[in-house]
Amino acid sequence: MTIEAVTLSWDDVNFKLKEDHAFDWLRKLGRTFAVFDQQDSGNISFGVERDGEKLFVKYAGARTLRYEGEPEASIERLKLAMPLYESLRHPNLVNLVEHYEVGAGYVGVFEWFEGETLHPFTAFPPPAKYTHPDSPFYRFRQLSLELRLAALDSIFTFHRFVEARNYVAVDFYDGSILYDFKTNATRICDIDCYEQKPFFNHMGRLWGSSRFMSPEEFVLGAAIDGRTNVFNMGAMAFCLVGGERDRDYSSWEAGRDKYEVALRAVELVRDLRYASVAEFCEAWGLG
């Protein structure tokens, strides 16, 4: 089915929406040099620059192409997400600067991070994600094992902190990760769906990529907790240093000890996993 779209031009970018929308408020933040208009969350995001300072601007309120709901729902979700970035401030998380109502919607303004997403679904949809030499994921997998393990340590450290703050990760996948190939720094860029504990599955199939989701994330009423996030961490380990869904040792690069830790983490039976992300990190060897 063809989606009717309008094309908008703004500073250095062109983008498509289902209908026209006013972005005059964006001007005060700087000149727009990048746009991200293909998310299915209902948000549209921009890179803006003023006086040499770059910002990442996430906005809800426009009718984006890949979002099936109403703007009011995406506005409410973005509003609810902003306190998460304040409560979970961490060196491995993108930094929220401010958030506020604007025009017909809501905006969150973040410091810009010079990273590339490890799930570039618009520029390099699978299988190109895994095979094209320009794909950020492909390039990441060509890095040394040491650098990739360091990225995993950044991810695990942040989620151990999330757990200690009494939250659980929801909708965490490789699209939530930015990697700077110049500095080898890793940042988590999207925690909009994270929840405070106790949290129970209220949807049946929660938000997320099935490549990283535990069985309970598909079960209405199931507890989503530390064991759930242990599964997420194990799945991410297999994604970045293993065979992703192929969890055979022949596709693993990080040695037998870490393989056994990751394999236990992705046990389908909850009680066979580590009880917490902290316990998983200790077994992994993360101080």
# chains A, B, ... in the order shown; residues from 1 in each chain; ligands from 1

$ select_by_dssp --residues "region 48-122 of chain A" --states "strand (DSSP E or B)" --output "PyMOL selection string"
chain A and resi 48-50+53-60+64+93+96-102+105-111+116-117

$ write_last_selection --atoms "N, CA, C and O atoms" --output "compact mmCIF listing (two decimals), in the first residue's frame"
# COMPACT_ATOMS: atom_id res chain seq x y z
N VAL A 48 20.89 19.63 14.83
CA VAL A 48 20.96 21.08 14.62
C VAL A 48 22.30 21.59 15.15
O VAL A 48 22.91 20.99 16.04
N GLU A 49 22.75 22.70 14.60
CA GLU A 49 24.03 23.28 15.01
C GLU A 49 23.90 24.79 15.12
O GLU A 49 23.30 25.44 14.26
N ARG A 50 24.47 25.33 16.19
CA ARG A 50 24.52 26.78 16.39
C ARG A 50 25.82 27.14 17.08
O ARG A 50 26.14 26.56 18.14
N GLU A 53 28.08 24.35 18.19
CA GLU A 53 27.53 23.35 19.10
C GLU A 53 26.42 22.57 18.40
O GLU A 53 25.50 23.15 17.83
N LYS A 54 26.52 21.24 18.45
CA LYS A 54 25.51 20.38 17.83
C LYS A 54 24.58 19.81 18.89
O LYS A 54 25.01 19.48 20.01
N LEU A 55 23.32 19.68 18.51
CA LEU A 55 22.31 19.10 19.38
C LEU A 55 21.50 18.06 18.60
O LEU A 55 21.37 18.16 17.38
N PHE A 56 20.94 17.12 19.33
CA PHE A 56 20.02 16.14 18.76
C PHE A 56 18.64 16.46 19.32
O PHE A 56 18.46 16.53 20.55
N VAL A 57 17.67 16.66 18.42
CA VAL A 57 16.35 17.13 18.82
C VAL A 57 15.32 16.07 18.46
O VAL A 57 15.13 15.73 17.29
N LYS A 58 14.64 15.52 19.47
CA LYS A 58 13.61 14.50 19.26
C LYS A 58 12.24 15.16 19.47
O LYS A 58 11.99 15.77 20.51
N TYR A 59 11.37 15.01 18.48
CA TYR A 59 10.09 15.74 18.51
C TYR A 59 8.93 14.78 18.26
O TYR A 59 8.99 13.92 17.36
N ALA A 60 7.86 14.92 19.03
CA ALA A 60 6.61 14.20 18.82
C ALA A 60 5.50 15.20 18.59
O ALA A 60 5.42 16.22 19.28
N THR A 64 4.23 11.16 11.29
CA THR A 64 5.35 10.55 10.58
C THR A 64 4.89 9.37 9.73
O THR A 64 3.85 8.76 10.02
N LEU A 93 25.11 6.96 28.58
CA LEU A 93 23.81 7.31 28.03
C LEU A 93 23.89 8.70 27.41
O LEU A 93 24.56 9.59 27.95
N LEU A 96 20.59 14.29 28.16
CA LEU A 96 19.44 15.17 27.96
C LEU A 96 19.78 16.58 28.45
O LEU A 96 20.27 16.76 29.58
N VAL A 97 19.52 17.57 27.60
CA VAL A 97 19.77 18.97 27.95
C VAL A 97 18.51 19.62 28.52
O VAL A 97 18.53 20.25 29.58
N GLU A 98 17.39 19.48 27.81
CA GLU A 98 16.12 20.07 28.25
C GLU A 98 14.99 19.42 27.48
O GLU A 98 15.20 18.74 26.46
N HIS A 99 13.77 19.64 27.96
CA HIS A 99 12.57 19.15 27.26
C HIS A 99 11.41 20.06 27.60
O HIS A 99 11.33 20.62 28.70
N TYR A 100 10.50 20.22 26.64
CA TYR A 100 9.42 21.19 26.83
C TYR A 100 8.36 21.04 25.74
O TYR A 100 8.59 20.44 24.69
N GLU A 101 7.20 21.60 26.02
CA GLU A 101 6.14 21.69 25.01
C GLU A 101 6.51 22.75 23.99
O GLU A 101 7.08 23.80 24.34
N VAL A 102 6.19 22.48 22.74
CA VAL A 102 6.48 23.46 21.69
C VAL A 102 5.47 23.27 20.57
O VAL A 102 5.18 22.16 20.15
N GLY A 105 3.36 20.08 19.72
CA GLY A 105 3.95 18.84 20.19
C GLY A 105 4.87 19.00 21.39
O GLY A 105 4.73 19.94 22.19
N TYR A 106 5.83 18.07 21.49
CA TYR A 106 6.75 18.04 22.62
C TYR A 106 8.13 17.71 22.09
O TYR A 106 8.28 16.96 21.12
N VAL A 107 9.16 18.28 22.74
CA VAL A 107 10.52 18.12 22.23
C VAL A 107 11.48 17.78 23.37
O VAL A 107 11.35 18.28 24.48
N GLY A 108 12.42 16.89 23.07
CA GLY A 108 13.53 16.60 23.96
C GLY A 108 14.81 16.98 23.25
O GLY A 108 15.02 16.61 22.09
N VAL A 109 15.67 17.73 23.91
CA VAL A 109 16.92 18.21 23.31
C VAL A 109 18.10 17.53 24.02
O VAL A 109 18.21 17.60 25.25
N PHE A 110 18.97 16.90 23.24
CA PHE A 110 20.10 16.15 23.77
C PHE A 110 21.41 16.69 23.21
O PHE A 110 21.43 17.27 22.12
N GLU A 111 22.48 16.46 23.95
CA GLU A 111 23.80 16.72 23.38
C GLU A 111 24.01 15.79 22.19
O GLU A 111 23.58 14.63 22.21
N GLU A 116 27.28 6.28 15.22
CA GLU A 116 26.40 5.69 14.20
C GLU A 116 25.65 4.53 14.82
O GLU A 116 26.21 3.75 15.61
N THR A 117 24.38 4.40 14.48
CA THR A 117 23.58 3.32 15.03
C THR A 117 24.05 1.97 14.49
O THR A 117 24.41 1.85 13.31

$ closest_residue --among "A:Phe231, A:Leu145, A:Tyr67, A:Phe212" --to "Glu253 (chain A)" --atoms "only C-alpha atoms"
A:Leu145

$ select_by_dssp --residues "region 230-274 of chain A" --states "helix (DSSP H, G or I)" --output "PyMOL selection string"
chain A and resi 230-241+249-251+256-265+270-272

$ write_last_selection --atoms "N, CA and C atoms" --output "tab-separated table (two decimals), in the first residue's frame"
chain	number	residue	atom	x	y	z
A	230	VAL	N	18.85	-9.81	31.95
A	230	VAL	CA	19.97	-10.72	31.76
A	230	VAL	C	19.88	-11.35	30.37
A	231	PHE	N	18.67	-11.77	29.99
A	231	PHE	CA	18.48	-12.32	28.65
A	231	PHE	C	18.87	-11.29	27.59
A	232	ASN	N	18.43	-10.04	27.77
A	232	ASN	CA	18.75	-8.98	26.81
A	232	ASN	C	20.26	-8.80	26.67
A	233	MET	N	20.97	-8.84	27.81
A	233	MET	CA	22.42	-8.66	27.78
A	233	MET	C	23.10	-9.84	27.08
A	234	GLY	N	22.63	-11.04	27.36
A	234	GLY	CA	23.20	-12.20	26.68
A	234	GLY	C	22.97	-12.17	25.19
A	235	ALA	N	21.75	-11.77	24.79
A	235	ALA	CA	21.44	-11.67	23.37
A	235	ALA	C	22.32	-10.63	22.70
A	236	MET	N	22.60	-9.52	23.41
A	236	MET	CA	23.47	-8.50	22.83
A	236	MET	C	24.91	-9.01	22.69
A	237	ALA	N	25.35	-9.81	23.63
A	237	ALA	CA	26.68	-10.40	23.52
A	237	ALA	C	26.77	-11.28	22.28
A	238	PHE	N	25.76	-12.09	22.03
A	238	PHE	CA	25.77	-12.93	20.84
A	238	PHE	C	25.69	-12.08	19.57
A	239	CYS	N	25.03	-10.93	19.65
A	239	CYS	CA	24.94	-10.05	18.49
A	239	CYS	C	26.29	-9.45	18.13
A	240	LEU	N	27.06	-9.05	19.13
A	240	LEU	CA	28.28	-8.27	18.87
A	240	LEU	C	29.55	-9.10	18.80
A	241	VAL	N	29.55	-10.28	19.43
A	241	VAL	CA	30.76	-11.13	19.34
A	241	VAL	C	30.44	-12.58	19.02
A	249	TYR	N	28.76	-22.38	19.53
A	249	TYR	CA	30.10	-21.93	19.90
A	249	TYR	C	30.96	-21.65	18.67
A	250	SER	N	30.68	-22.32	17.56
A	250	SER	CA	31.48	-22.13	16.35
A	250	SER	C	31.39	-20.71	15.82
A	251	SER	N	30.33	-19.97	16.19
A	251	SER	CA	30.17	-18.59	15.73
A	251	SER	C	30.62	-17.57	16.77
A	256	ARG	N	35.67	-19.60	25.59
A	256	ARG	CA	34.70	-20.53	26.18
A	256	ARG	C	34.05	-19.97	27.44
A	257	ASP	N	34.81	-19.31	28.32
A	257	ASP	CA	34.24	-18.84	29.59
A	257	ASP	C	33.11	-17.84	29.35
A	258	LYS	N	33.35	-16.85	28.52
A	258	LYS	CA	32.32	-15.85	28.26
A	258	LYS	C	31.16	-16.46	27.46
A	259	TYR	N	31.45	-17.44	26.63
A	259	TYR	CA	30.39	-18.12	25.89
A	259	TYR	C	29.42	-18.80	26.87
A	260	GLU	N	29.95	-19.46	27.87
A	260	GLU	CA	29.09	-20.14	28.83
A	260	GLU	C	28.24	-19.15	29.61
A	261	VAL	N	28.81	-17.98	29.92
A	261	VAL	CA	28.05	-16.94	30.62
A	261	VAL	C	26.92	-16.43	29.73
A	262	ALA	N	27.22	-16.13	28.47
A	262	ALA	CA	26.19	-15.62	27.56
A	262	ALA	C	25.12	-16.67	27.31
A	263	LEU	N	25.52	-17.93	27.20
A	263	LEU	CA	24.56	-19.00	26.93
A	263	LEU	C	23.59	-19.18	28.10
A	264	ARG	N	24.12	-19.10	29.31
A	264	ARG	CA	23.22	-19.19	30.47
A	264	ARG	C	22.29	-17.98	30.52
A	265	ALA	N	22.78	-16.83	30.11
A	265	ALA	CA	21.96	-15.61	30.15
A	265	ALA	C	20.73	-15.73	29.24
A	270	ARG	N	13.41	-19.03	32.70
A	270	ARG	CA	13.88	-17.87	33.47
A	270	ARG	C	14.78	-18.26	34.64
A	271	ASP	N	14.38	-19.28	35.39
A	271	ASP	CA	15.08	-19.61	36.62
A	271	ASP	C	16.48	-20.16	36.37
A	272	LEU	N	16.80	-20.52	35.13
A	272	LEU	CA	18.13	-21.01	34.81
A	272	LEU	C	19.10	-19.88	34.47

$ residues_around --residues "Lys18 (chain A)" --least-positions-apart "6" --cutoff "10 Å" --atoms "only C-alpha atoms" --output "list in words"
Ile3, Glu4, Ala5, Val6, Thr7, Ala62, Arg63, Thr64, Leu65, Arg66 and Tyr67 of chain A

$ closest_residue --among "A:Val266, A:Ala22, A:Val168, A:Ala151" --to "Ala104 (chain A)" --atoms "only C-alpha atoms"
A:Ala22

$ atom_distance --atom1 "CA of Ala222 (chain A)" --atom2 "CA of His159 (chain A)"
20.4 Å
